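Structure below is my_file-v7.csv: CSV, C-alpha atoms.
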chain,number,residue,atom,x,y,z
A,2,MET,CA,34.4,-54.0,15.1
A,3,SER,CA,33.5,-57.4,16.6
A,4,SER,CA,36.1,-59.0,14.2
A,5,GLN,CA,38.8,-57.2,16.1
A,6,LEU,CA,37.8,-58.6,19.5
A,7,PRO,CA,39.9,-61.2,21.3
A,8,PHE,CA,38.7,-64.6,20.3
A,9,PRO,CA,37.2,-66.6,23.2
A,10,HIS,CA,38.8,-69.8,24.3
A,11,ALA,CA,37.2,-73.2,23.5
A,12,GLU,CA,35.4,-73.7,26.8
A,13,ALA,CA,33.8,-70.3,26.6
A,14,ARG,CA,32.8,-70.8,23.0
A,15,ALA,CA,31.2,-74.1,23.9
A,16,ALA,CA,29.1,-72.4,26.6
A,17,SER,CA,28.0,-69.7,24.2
A,18,GLU,CA,27.0,-72.4,21.7
A,19,GLN,CA,24.8,-74.0,24.3
A,20,LEU,CA,23.1,-70.7,24.9
A,21,GLN,CA,22.7,-70.1,21.2
A,22,GLN,CA,20.9,-73.5,20.8
A,23,LEU,CA,18.4,-72.3,23.5
A,24,VAL,CA,18.0,-69.0,21.6
A,25,HIS,CA,17.4,-70.8,18.4
A,26,SER,CA,14.6,-72.7,20.0
A,27,ARG,CA,13.0,-69.5,21.4
A,28,ILE,CA,13.3,-68.0,17.9
A,29,ASP,CA,11.4,-70.9,16.5
A,30,ASP,CA,8.7,-70.5,19.2
A,31,ALA,CA,8.4,-66.8,18.3
A,32,GLY,CA,7.8,-67.5,14.7
A,33,GLY,CA,11.3,-66.8,13.4
A,34,CYS,CA,12.0,-63.4,14.9
A,35,LEU,CA,12.5,-63.1,18.7
A,36,PRO,CA,12.0,-59.7,20.2
A,37,PHE,CA,15.4,-58.2,21.2
A,38,ASP,CA,14.5,-57.7,24.9
A,39,ALA,CA,13.7,-61.5,25.1
A,40,PHE,CA,17.1,-62.2,23.5
A,41,MET,CA,18.9,-59.8,25.9
A,42,GLU,CA,17.3,-61.4,28.9
A,43,MET,CA,18.6,-64.8,27.8
A,44,ALA,CA,22.1,-63.4,26.9
A,45,LEU,CA,22.5,-61.9,30.3
A,46,TYR,CA,20.5,-64.0,32.7
A,47,GLN,CA,19.8,-67.5,31.3
A,48,PRO,CA,20.5,-69.7,34.3
A,49,GLY,CA,24.0,-71.3,34.1
A,50,LEU,CA,24.8,-69.7,30.7
A,51,GLY,CA,23.9,-66.0,30.7
A,52,TYR,CA,26.6,-63.4,31.1
A,53,TYR,CA,25.7,-62.7,34.7
A,54,ALA,CA,24.6,-66.2,35.6
A,55,GLY,CA,27.3,-68.4,34.1
A,56,GLY,CA,30.1,-67.9,36.6
A,57,LEU,CA,32.2,-65.4,34.6
A,58,MET,CA,34.0,-62.6,36.4
A,59,PRO,CA,32.9,-59.5,34.5
A,60,PHE,CA,34.5,-56.9,36.8
A,61,GLY,CA,38.1,-55.6,37.1
A,62,GLU,CA,41.2,-55.8,35.1
A,63,GLN,CA,40.7,-59.5,34.3
A,64,GLY,CA,37.1,-59.0,33.3
A,65,ASP,CA,35.3,-56.9,30.7
A,66,PHE,CA,34.9,-53.5,32.4
A,67,ILE,CA,35.8,-51.6,35.5
A,68,THR,CA,33.1,-50.1,37.7
A,69,ALA,CA,33.7,-47.2,40.0
A,70,PRO,CA,33.9,-49.4,43.2
A,71,GLU,CA,36.4,-51.7,41.5
A,72,SER,CA,38.8,-48.8,40.8
A,73,GLY,CA,39.6,-48.2,44.5
A,74,ARG,CA,38.3,-47.2,47.9
A,75,LEU,CA,37.4,-43.5,47.2
A,76,PHE,CA,34.0,-44.2,45.6
A,77,GLY,CA,32.7,-46.4,48.5
A,78,ARG,CA,34.0,-44.1,51.2
A,79,CYS,CA,32.3,-41.0,49.6
A,80,LEU,CA,29.1,-42.9,49.0
A,81,ALA,CA,29.1,-43.9,52.6
A,82,ARG,CA,28.8,-40.3,53.6
A,83,SER,CA,25.5,-40.0,51.7
A,84,VAL,CA,24.2,-43.2,53.2
A,85,ALA,CA,25.3,-42.1,56.7
A,86,SER,CA,23.3,-38.8,56.3
A,87,VAL,CA,20.2,-41.0,56.0
A,88,MET,CA,21.1,-43.5,58.8
A,89,GLN,CA,21.6,-40.6,61.1
A,90,GLN,CA,18.0,-39.5,60.5
A,91,LEU,CA,16.5,-42.9,61.1
A,92,GLU,CA,16.4,-45.3,64.0
A,93,GLN,CA,17.3,-48.9,63.2
A,94,GLY,CA,17.7,-48.2,59.5
A,95,VAL,CA,18.8,-50.8,56.9
A,96,VAL,CA,20.6,-50.7,53.6
A,97,LEU,CA,19.5,-52.7,50.5
A,98,GLU,CA,22.0,-53.0,47.7
A,99,LEU,CA,20.7,-54.0,44.3
A,100,GLY,CA,23.1,-56.3,42.5
A,101,ALA,CA,26.3,-56.1,44.5
A,102,GLY,CA,28.8,-57.1,41.8
A,103,SER,CA,31.9,-58.5,43.4
A,104,GLY,CA,31.0,-57.3,46.9
A,105,VAL,CA,33.7,-54.7,47.0
A,106,LEU,CA,31.3,-51.8,47.3
A,107,ALA,CA,29.4,-53.5,50.2
A,108,ALA,CA,32.7,-54.1,52.0
A,109,ASP,CA,33.9,-50.5,51.5
A,110,LEU,CA,30.5,-49.1,52.6
A,111,LEU,CA,30.2,-51.2,55.7
A,112,GLN,CA,33.8,-50.4,56.8
A,113,GLU,CA,33.3,-46.6,56.3
A,114,LEU,CA,29.8,-46.6,57.9
A,115,ASP,CA,31.4,-48.3,60.9
A,116,ARG,CA,34.0,-45.5,61.0
A,117,LEU,CA,31.3,-42.9,60.8
A,118,ASP,CA,29.3,-44.6,63.5
A,119,ALA,CA,26.4,-45.0,61.1
A,120,LEU,CA,26.2,-48.8,60.6
A,121,PRO,CA,22.8,-50.1,59.4
A,122,GLU,CA,21.0,-52.8,61.5
A,123,ARG,CA,21.1,-55.1,58.4
A,124,TYR,CA,22.8,-54.8,55.0
A,125,TYR,CA,20.7,-56.7,52.5
A,126,ILE,CA,21.9,-57.7,49.0
A,127,LEU,CA,19.4,-58.5,46.3
A,128,GLU,CA,21.3,-60.7,43.8
A,129,ARG,CA,19.8,-63.0,41.1
A,130,SER,CA,23.1,-64.6,40.2
A,131,GLY,CA,24.2,-67.5,42.3
A,132,ALA,CA,27.8,-67.2,41.1
A,133,LEU,CA,28.0,-63.6,42.1
A,134,CYS,CA,26.4,-64.3,45.5
A,135,ALA,CA,29.3,-66.7,46.2
A,136,LEU,CA,31.8,-64.1,45.1
A,137,GLN,CA,30.2,-61.5,47.3
A,138,ARG,CA,30.3,-63.8,50.3
A,139,ALA,CA,34.0,-64.5,49.8
A,140,THR,CA,34.8,-60.8,49.3
A,141,LEU,CA,33.0,-59.8,52.5
A,142,SER,CA,34.4,-62.6,54.6
A,143,ARG,CA,37.9,-61.7,53.4
A,144,GLN,CA,37.7,-57.9,53.7
A,145,VAL,CA,35.3,-57.2,56.6
A,146,PRO,CA,34.9,-60.5,58.5
A,147,GLU,CA,33.7,-58.7,61.6
A,148,LEU,CA,30.9,-56.9,59.7
A,149,ALA,CA,29.9,-59.7,57.4
A,150,ARG,CA,27.3,-61.0,59.9
A,151,ARG,CA,25.2,-58.0,59.2
A,152,VAL,CA,24.8,-59.0,55.6
A,153,GLU,CA,21.8,-61.0,54.3
A,154,TRP,CA,21.0,-62.1,50.7
A,155,LEU,CA,17.5,-61.7,49.3
A,156,GLU,CA,16.0,-63.3,46.3
A,157,ALA,CA,13.2,-60.7,46.0
A,158,LEU,CA,12.3,-57.3,47.3
A,159,PRO,CA,11.1,-57.4,50.9
A,160,GLU,CA,7.3,-57.6,51.3
A,161,LYS,CA,7.3,-55.3,54.3
A,162,PRO,CA,8.5,-51.8,53.4
A,163,LEU,CA,11.8,-51.0,55.0
A,164,ARG,CA,13.3,-47.8,56.5
A,165,GLY,CA,16.7,-46.9,55.2
A,166,VAL,CA,18.6,-46.7,51.9
A,167,VAL,CA,17.9,-48.7,48.7
A,168,PHE,CA,20.6,-48.2,46.1
A,169,GLY,CA,22.0,-49.7,42.9
A,170,ASN,CA,25.2,-49.0,41.1
A,171,GLU,CA,25.1,-49.8,37.3
A,172,VAL,CA,21.9,-51.9,37.6
A,173,CYS,CA,19.4,-50.1,35.3
A,174,ASP,CA,21.7,-50.3,32.3
A,175,ALA,CA,21.6,-54.1,32.3
A,176,MET,CA,17.8,-54.3,32.1
A,177,PRO,CA,16.5,-55.8,28.8
A,178,VAL,CA,15.4,-53.2,26.2
A,179,GLN,CA,13.2,-53.2,23.1
A,180,ARG,CA,15.0,-52.0,20.0
A,181,PHE,CA,12.9,-50.1,17.4
A,182,CYS,CA,13.3,-48.4,14.1
A,183,TRP,CA,11.2,-45.3,13.2
A,184,LEU,CA,11.0,-44.1,9.6
A,185,ASP,CA,8.7,-41.3,8.7
A,186,GLY,CA,6.0,-42.3,11.1
A,187,GLU,CA,6.3,-46.1,10.6
A,188,VAL,CA,7.5,-48.1,13.6
A,189,THR,CA,9.1,-51.5,13.5
A,190,GLU,CA,10.5,-53.6,16.3
A,191,LEU,CA,13.9,-55.1,15.9
A,192,GLY,CA,14.5,-58.7,16.9
A,193,VAL,CA,16.9,-61.7,16.4
A,194,ARG,CA,16.6,-64.5,13.9
A,195,VAL,CA,18.7,-67.4,12.7
A,196,SER,CA,20.5,-66.8,9.4
A,197,GLY,CA,22.2,-70.0,8.3
A,198,SER,CA,23.8,-71.1,11.6
A,199,ALA,CA,24.4,-67.5,12.9
A,200,LEU,CA,22.2,-65.0,14.6
A,201,SER,CA,21.2,-61.8,12.8
A,202,THR,CA,18.8,-58.8,13.2
A,203,CYS,CA,15.3,-59.0,11.9
A,204,LYS,CA,12.2,-56.7,11.9
A,205,ARG,CA,8.8,-57.5,13.3
A,206,SER,CA,5.5,-55.7,13.7
A,207,ALA,CA,5.6,-53.3,16.7
A,208,GLY,CA,2.8,-53.7,19.3
A,209,GLU,CA,0.4,-50.9,19.9
A,210,ALA,CA,2.0,-49.7,23.1
A,211,LEU,CA,5.5,-49.5,21.4
A,212,GLN,CA,4.1,-47.8,18.4
A,213,ALA,CA,2.3,-45.2,20.4
A,214,GLU,CA,5.3,-44.4,22.6
A,215,VAL,CA,7.8,-44.2,19.8
A,216,ASN,CA,5.5,-41.9,17.7
A,217,ARG,CA,5.1,-39.7,20.8
A,218,LEU,CA,8.8,-39.4,21.2
A,219,ALA,CA,9.2,-38.7,17.4
A,220,ARG,CA,6.7,-35.9,17.6
A,221,GLU,CA,8.1,-34.4,20.8
A,222,TYR,CA,11.8,-34.5,19.7
A,223,GLN,CA,11.1,-33.8,16.0
A,224,TRP,CA,12.8,-36.8,14.4
A,225,SER,CA,13.2,-37.0,10.6
A,226,GLY,CA,14.4,-39.7,8.3
A,227,ARG,CA,15.5,-43.0,9.9
A,228,TYR,CA,15.8,-43.2,13.7
A,229,GLN,CA,16.8,-46.2,15.7
A,230,SER,CA,16.9,-46.5,19.5
A,231,GLU,CA,15.8,-48.4,22.6
A,232,LEU,CA,13.1,-48.3,25.2
A,233,CYS,CA,13.1,-50.3,28.4
A,234,PRO,CA,9.6,-51.6,29.0
A,235,LEU,CA,10.4,-52.9,32.5
A,236,LEU,CA,11.8,-49.7,33.9
A,237,PRO,CA,8.7,-47.9,35.2
A,238,ALA,CA,7.3,-51.0,37.0
A,239,TRP,CA,10.7,-51.9,38.4
A,240,ALA,CA,11.3,-48.3,39.6
A,241,GLN,CA,7.8,-48.2,41.3
A,242,SER,CA,8.5,-51.5,43.0
A,243,LEU,CA,11.6,-50.0,44.6
A,244,ALA,CA,9.7,-46.9,45.7
A,245,ASP,CA,7.0,-49.2,47.2
A,246,CYS,CA,9.5,-51.1,49.3
A,247,LEU,CA,10.6,-47.9,51.1
A,248,ALA,CA,8.5,-46.8,54.0
A,249,SER,CA,11.0,-43.9,54.7
A,250,GLY,CA,14.5,-43.2,53.5
A,251,LEU,CA,16.4,-42.8,50.3
A,252,LEU,CA,16.3,-44.5,46.9
A,253,LEU,CA,19.6,-43.8,45.1
A,254,LEU,CA,20.5,-45.1,41.6
A,255,ILE,CA,23.8,-44.6,39.9
A,256,ASP,CA,24.3,-45.2,36.2
A,257,TYR,CA,25.1,-43.7,32.8
A,258,GLY,CA,22.2,-42.2,30.9
A,259,TYR,CA,20.4,-39.1,30.0
A,260,GLY,CA,17.1,-37.2,30.4
A,261,GLN,CA,14.8,-37.8,27.5
A,262,THR,CA,15.7,-34.6,25.7
A,263,GLU,CA,19.3,-35.8,25.4
A,264,TYR,CA,18.4,-39.5,25.1
A,265,TYR,CA,16.1,-39.1,22.1
A,266,HIS,CA,17.8,-36.1,20.5
A,267,PRO,CA,17.4,-36.1,16.7
A,268,GLN,CA,21.2,-36.5,16.3
A,269,ARG,CA,21.3,-39.6,18.5
A,270,SER,CA,19.7,-41.6,15.7
A,271,MET,CA,21.5,-44.9,16.3
A,272,GLY,CA,20.6,-45.3,19.9
A,273,THR,CA,22.8,-46.1,22.9
A,274,LEU,CA,23.2,-49.9,22.9
A,275,MET,CA,26.8,-51.0,23.7
A,276,CYS,CA,28.6,-54.2,24.4
A,277,HIS,CA,31.7,-54.9,26.5
A,278,TYR,CA,34.2,-57.7,26.1
A,279,ARG,CA,37.7,-57.7,27.6
A,280,HIS,CA,37.7,-53.9,27.9
A,281,HIS,CA,36.7,-53.5,24.3
A,282,ALA,CA,33.5,-51.6,23.6
A,283,HIS,CA,31.5,-52.4,20.5
A,284,ASP,CA,28.0,-52.4,19.0
A,285,ASP,CA,27.3,-56.1,18.1
A,286,PRO,CA,25.0,-57.7,20.7
A,287,LEU,CA,24.9,-61.0,18.8
A,288,TRP,CA,28.6,-61.7,19.1
A,289,PHE,CA,29.0,-64.9,21.2
A,290,PRO,CA,25.9,-64.5,23.4
A,291,GLY,CA,26.6,-65.1,27.1
A,292,LEU,CA,30.3,-64.0,26.9
A,293,GLN,CA,29.8,-60.3,26.7
A,294,ASP,CA,27.9,-57.6,28.6
A,295,ILE,CA,25.1,-55.8,26.7
A,296,THR,CA,23.9,-52.5,28.0
A,297,ALA,CA,21.9,-49.4,27.1
A,298,PHE,CA,21.9,-46.0,28.6
A,299,VAL,CA,19.2,-45.2,31.2
A,300,ASP,CA,16.3,-42.9,30.4
A,301,PHE,CA,16.4,-40.9,33.7
A,302,THR,CA,13.2,-39.0,32.8
A,303,ARG,CA,11.2,-42.2,32.6
A,304,LEU,CA,12.8,-43.4,35.8
A,305,ALA,CA,12.0,-40.2,37.7
A,306,GLU,CA,8.4,-40.1,36.5
A,307,ALA,CA,7.8,-43.7,37.8
A,308,VAL,CA,9.3,-43.1,41.2
A,309,THR,CA,7.6,-39.7,41.8
A,310,ASP,CA,4.3,-41.2,40.7
A,311,ALA,CA,4.8,-43.7,43.5
A,312,GLY,CA,4.9,-40.9,46.0
A,313,MET,CA,8.6,-40.2,46.5
A,314,GLN,CA,10.2,-36.8,46.3
A,315,LEU,CA,13.1,-36.1,43.8
A,316,GLU,CA,16.0,-35.4,46.1
A,317,GLY,CA,18.5,-34.5,43.4
A,318,TYR,CA,20.1,-35.4,40.0
A,319,ALA,CA,23.8,-34.8,39.6
A,320,SER,CA,26.9,-35.9,37.7
A,321,GLN,CA,29.1,-38.3,39.5
A,322,ALA,CA,31.9,-35.7,39.8
A,323,GLN,CA,29.6,-33.2,41.5
A,324,PHE,CA,28.0,-35.8,43.8
A,325,LEU,CA,31.5,-37.0,45.0
A,326,VAL,CA,32.6,-33.4,45.5
A,327,ALA,CA,29.5,-32.8,47.7
A,328,CYS,CA,30.5,-36.0,49.6
A,329,ASP,CA,33.8,-34.5,50.5
A,330,ILE,CA,36.1,-36.5,48.2
A,331,GLU,CA,39.0,-34.1,48.9
A,332,GLN,CA,38.6,-34.6,52.7
A,333,VAL,CA,38.5,-38.4,52.2
A,334,MET,CA,41.7,-38.2,50.1
A,335,ALA,CA,43.3,-36.1,52.9
A,336,THR,CA,42.9,-38.9,55.4
A,337,PHE,CA,45.5,-41.1,53.5
A,338,ASP,CA,49.2,-40.7,54.3
A,339,SER,CA,50.6,-38.0,52.0
A,340,GLN,CA,54.1,-39.3,52.6
A,341,ASP,CA,53.3,-42.6,50.9
A,342,THR,CA,54.1,-41.6,47.3
A,343,GLN,CA,53.0,-44.7,45.6
A,344,ARG,CA,49.6,-44.6,47.4
A,345,PHE,CA,49.2,-40.9,46.6
A,346,LEU,CA,49.7,-41.6,42.9
A,347,GLN,CA,47.2,-44.5,43.1
A,348,LEU,CA,44.7,-42.1,44.8
A,349,SER,CA,45.3,-39.4,42.2
A,350,ASN,CA,44.7,-41.8,39.3
A,351,GLU,CA,41.6,-43.1,41.0
A,352,ALA,CA,40.2,-39.6,41.6
A,353,LYS,CA,40.9,-38.7,37.9
A,354,ARG,CA,38.9,-41.7,36.8
A,355,LEU,CA,36.0,-40.9,39.0
A,356,LEU,CA,35.9,-37.1,38.4
A,357,LEU,CA,37.2,-36.1,35.0
A,358,PRO,CA,34.6,-35.5,32.2
A,359,GLY,CA,36.5,-37.7,29.8
A,360,GLU,CA,36.4,-40.6,32.3
A,361,MET,CA,33.4,-41.3,34.6
A,362,GLY,CA,32.8,-37.8,36.0
A,363,GLU,CA,30.1,-36.5,33.7
A,364,ARG,CA,29.0,-39.8,32.0
A,365,PHE,CA,27.6,-41.3,35.2
A,366,LYS,CA,24.7,-39.7,37.1
A,367,PHE,CA,23.4,-40.0,40.6
A,368,ILE,CA,19.6,-39.7,41.0
A,369,GLY,CA,18.0,-39.8,44.5
A,370,PHE,CA,14.5,-39.9,45.8
A,371,SER,CA,13.4,-39.5,49.4
A,372,ARG,CA,10.4,-40.3,51.5
A,373,ASP,CA,9.7,-38.9,55.0
A,374,LEU,CA,13.2,-37.6,55.7
A,375,PRO,CA,13.3,-34.4,57.8
A,376,ALA,CA,16.7,-33.2,56.5
A,377,ALA,CA,18.5,-33.2,53.1
A,378,VAL,CA,20.6,-36.0,51.9
A,379,THR,CA,24.4,-35.5,51.4
A,380,GLY,CA,25.5,-35.5,47.8
A,381,PHE,CA,23.3,-33.1,45.9
A,382,SER,CA,24.4,-29.7,47.3
A,383,SER,CA,27.0,-29.0,44.6
A,384,GLN,CA,24.8,-29.5,41.5
A,385,ASP,CA,21.2,-30.3,40.6
A,386,LEU,CA,20.5,-31.2,37.0
A,387,ARG,CA,16.7,-31.9,37.5
A,388,SER,CA,16.0,-29.4,34.7
A,389,ARG,CA,17.5,-31.9,32.2
A,390,LEU,CA,14.9,-34.6,33.2
Take the structure in the file and give it back as structure tokens.
Amino acid sequence: MSSQLPFPHAEARAASEQLQQLVHSRIDDAGGCLPFDAFMEMALYQPGLGYYAGGLMPFGEQGDFITAPESGRLFGRCLARSVASVMQQLEQGVVLELGAGSGVLAADLLQELDRLDALPERYYILERSGALCALQRATLSRQVPELARRVEWLEALPEKPLRGVVFGNEVCDAMPVQRFCWLDGEVTELGVRVSGSALSTCKRSAGEALQAEVNRLAREYQWSGRYQSELCPLLPAWAQSLADCLASGLLLLIDYGYGQTEYYHPQRSMGTLMCHYRHHAHDDPLWFPGLQDITAFVDFTRLAEAVTDAGMQLEGYASQAQFLVACDIEQVMATFDSQDTQRFLQLSNEAKRLLLPGEMGERFKFIGFSRDLPAAVTGFSSQDLRSRL
């Protein structure tokens, strides 16, 4: 499949070659086979060269993929109703967005929260990419100049727990994952090696923790024969750190993924790892490192266990379609001028992309956790899929 991808231009190839030289050095340091999660961390986040750190524009028609906020205004306006239901329960609440992409969602949220009279005292953005920070500043200054002064960028989670909403859209899927292979009770970890001048997959001994967890999954979900998948070792600690930074309010995460029963189903024996380049999806994570996105589906069961262990309450787990319905997407659409035929067609196409099962409607999930909120959060009244966790 990677042979059918558009070939990168010379400048992009040169940047990827720089990154590959660093990867080669790390492989040597690792004894010839670098764990895949270490490679994925470099491919996505190596300063100045990684996919999210090298100044590329990954979002939108000119990038590699389209996120829900990039497809139009409906997503942000609906999400604002969920955020507003929390702001209205708290005095002087704040919002913290994890990885704000191009800044479009932050602009849409602030504009709609202003309209709903539910603006947060501060709107924080936690972003590790300097290039994306600059893009976000430009977007907010252009789209909501009168509200941009409420926005503050952070380099780490706040030390003092906040009151409000912490949320992330398509953040978990870009966390580095371990890849493993299980065959009749034997567990090996997959890594990356140098083969000639190219990168290729290699096998290395799995650590005790990985062996134990993979064998537990194999027993519980009754694998047989060869089974290959992923596991995100950082997810539990990361999720707990988000819970710990909320004194009261809502933690809301939006991503594609499954509960463990579906994630590690015997028939899903090749895992969920996917790559995106110029709107082409493929399964070769070693193709031109630094120029393509590498993602894996989210294990929502592992995520939910970590957050509830940290003392938060599961508020709900729903498909994107049902969450947006519960946030009154039909009423939001009705606020636009129905006589504007071109705009109506744009809205209809946007709604189809967000709601239809074959688009984003069922593939993406919303999972919410609350702490010390006296009333329910808008968004989970139409559907609750917690039995799938």
For each of A:Gln47, A:Gln321, A:Gln89, A:Ser130, take the minimum atom-to-atom distance to A:Leu357, counting all atoms listed in the file, then give the residue where this is smallest.
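Checking each candidate against A:Leu357, we get A:Gln321 as the closest.
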d(atom CA of A:Gln112, atom CA of A:Gly169) in Å
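Value for the atom CA of A:Gln112-atom CA of A:Gly169 distance: 18.2 Å.
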Report the distance between atom CA of A:Leu141 and atom CA of A:Ala157 in Å, rounded to one decimal place.
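Distance reported for this atom pair: 20.9 Å.
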Per residue of stretch 244-357 of chain A within 10 Å of stretch 19-26 of chain A, record the nearest atom pair and its distance in Å to one decimal, counting only C-alpha atoms, with rows in chain order and ascending residue number, as a tab-separated table.
residue	atom	partner	partner_atom	distance
A:Leu287	CA	A:Gln21	CA	9.7
A:Phe289	CA	A:Gln21	CA	8.2
A:Pro290	CA	A:Gln21	CA	6.8
A:Gly291	CA	A:Leu20	CA	7.0
Stretch 300-317 of chain A: which residues within 9 Å, counting all atoms listed in the file, same-chain residues fewer than 6 positions away excluded, as JSON, numbers by chain?
{"A": [232, 233, 236, 237, 238, 239, 240, 241, 242, 243, 244, 245, 251, 252, 258, 259, 260, 261, 262, 264, 367, 368, 369, 370, 371, 372, 373, 377, 378, 380, 381, 382, 384, 385, 386, 387, 389, 390]}
Atoms to include: C-alpha atoms. Write the selected residues as a PDB file, keeping the file's coordinate frame.
ATOM      1  CA  LEU A 232      13.100 -48.300  25.200  1.00  0.00           C
ATOM      2  CA  CYS A 233      13.100 -50.300  28.400  1.00  0.00           C
ATOM      3  CA  LEU A 236      11.800 -49.700  33.900  1.00  0.00           C
ATOM      4  CA  PRO A 237       8.700 -47.900  35.200  1.00  0.00           C
ATOM      5  CA  ALA A 238       7.300 -51.000  37.000  1.00  0.00           C
ATOM      6  CA  TRP A 239      10.700 -51.900  38.400  1.00  0.00           C
ATOM      7  CA  ALA A 240      11.300 -48.300  39.600  1.00  0.00           C
ATOM      8  CA  GLN A 241       7.800 -48.200  41.300  1.00  0.00           C
ATOM      9  CA  SER A 242       8.500 -51.500  43.000  1.00  0.00           C
ATOM     10  CA  LEU A 243      11.600 -50.000  44.600  1.00  0.00           C
ATOM     11  CA  ALA A 244       9.700 -46.900  45.700  1.00  0.00           C
ATOM     12  CA  ASP A 245       7.000 -49.200  47.200  1.00  0.00           C
ATOM     13  CA  LEU A 251      16.400 -42.800  50.300  1.00  0.00           C
ATOM     14  CA  LEU A 252      16.300 -44.500  46.900  1.00  0.00           C
ATOM     15  CA  GLY A 258      22.200 -42.200  30.900  1.00  0.00           C
ATOM     16  CA  TYR A 259      20.400 -39.100  30.000  1.00  0.00           C
ATOM     17  CA  GLY A 260      17.100 -37.200  30.400  1.00  0.00           C
ATOM     18  CA  GLN A 261      14.800 -37.800  27.500  1.00  0.00           C
ATOM     19  CA  THR A 262      15.700 -34.600  25.700  1.00  0.00           C
ATOM     20  CA  TYR A 264      18.400 -39.500  25.100  1.00  0.00           C
ATOM     21  CA  PHE A 367      23.400 -40.000  40.600  1.00  0.00           C
ATOM     22  CA  ILE A 368      19.600 -39.700  41.000  1.00  0.00           C
ATOM     23  CA  GLY A 369      18.000 -39.800  44.500  1.00  0.00           C
ATOM     24  CA  PHE A 370      14.500 -39.900  45.800  1.00  0.00           C
ATOM     25  CA  SER A 371      13.400 -39.500  49.400  1.00  0.00           C
ATOM     26  CA  ARG A 372      10.400 -40.300  51.500  1.00  0.00           C
ATOM     27  CA  ASP A 373       9.700 -38.900  55.000  1.00  0.00           C
ATOM     28  CA  ALA A 377      18.500 -33.200  53.100  1.00  0.00           C
ATOM     29  CA  VAL A 378      20.600 -36.000  51.900  1.00  0.00           C
ATOM     30  CA  GLY A 380      25.500 -35.500  47.800  1.00  0.00           C
ATOM     31  CA  PHE A 381      23.300 -33.100  45.900  1.00  0.00           C
ATOM     32  CA  SER A 382      24.400 -29.700  47.300  1.00  0.00           C
ATOM     33  CA  GLN A 384      24.800 -29.500  41.500  1.00  0.00           C
ATOM     34  CA  ASP A 385      21.200 -30.300  40.600  1.00  0.00           C
ATOM     35  CA  LEU A 386      20.500 -31.200  37.000  1.00  0.00           C
ATOM     36  CA  ARG A 387      16.700 -31.900  37.500  1.00  0.00           C
ATOM     37  CA  ARG A 389      17.500 -31.900  32.200  1.00  0.00           C
ATOM     38  CA  LEU A 390      14.900 -34.600  33.200  1.00  0.00           C
TER      39      LEU A 390
END
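Picture a line from atom CA of A:Ala54 to atom CA of A:Ala139; it runs 17.1 Å.
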Pick out the residues sitting within 9 Å of A:Thr189, and hand them over as a list in words; count all atoms listed in the file, and ignore anything fewer than 3 positions along from it in its own chain.
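What passes the distance filter is Arg180, Phe181, Cys182, Trp183, Leu184, Lys204, Arg205, Ser206, Ala207, Gly208, Leu211 and Gln212 of chain A.
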With all atoms of stretch 306-318 of chain A from the file as input, state the centre and edge lengths in Å to one decimal of the axis-aligned box that has 6 Å extra on each side, as lines of an AutoDock Vina configuration file.
center_x = 12.2
center_y = -39.1
center_z = 41.5
size_x = 27.8
size_y = 21.2
size_z = 22.0
If we count all atoms listed in the file, what is near A:Ser201 at a cut-off of 9 Å, once residues fewer than 4 positions away on the same chain are taken out, given as a ChimeraX atom specification?
/A:192-196,287
Which of these residues is nearest to A:Arg27, using only C-alpha atoms: A:Asp341, A:Glu42, A:Asp294, A:Glu156?
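Of A:Asp341, A:Glu42, A:Asp294, A:Glu156, the one nearest A:Arg27 is A:Glu42, counting only C-alpha atoms.
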Between A:Glu113, A:Glu190, A:Glu360, A:Glu122, which residue has the minimum interatomic distance to A:Tyr228, considering only C-alpha atoms?
A:Glu190
List every protein, DNA or RNA residue that has at least one atom no more than 10 Å from (31.7, -36.2, 46.2) in the file's coordinates, counting all atoms listed in the file, and write the result as number ranges by chain.
A: 75-76, 78-80, 82-83, 320-333, 355-356, 379-383
Between A:Asn170, A:Tyr278, A:Thr68, A:Gln5, which one has atoms that come closest to A:Arg354, using all atoms listed in the file?
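Using all atoms listed in the file, A:Arg354 sits closest to A:Thr68.
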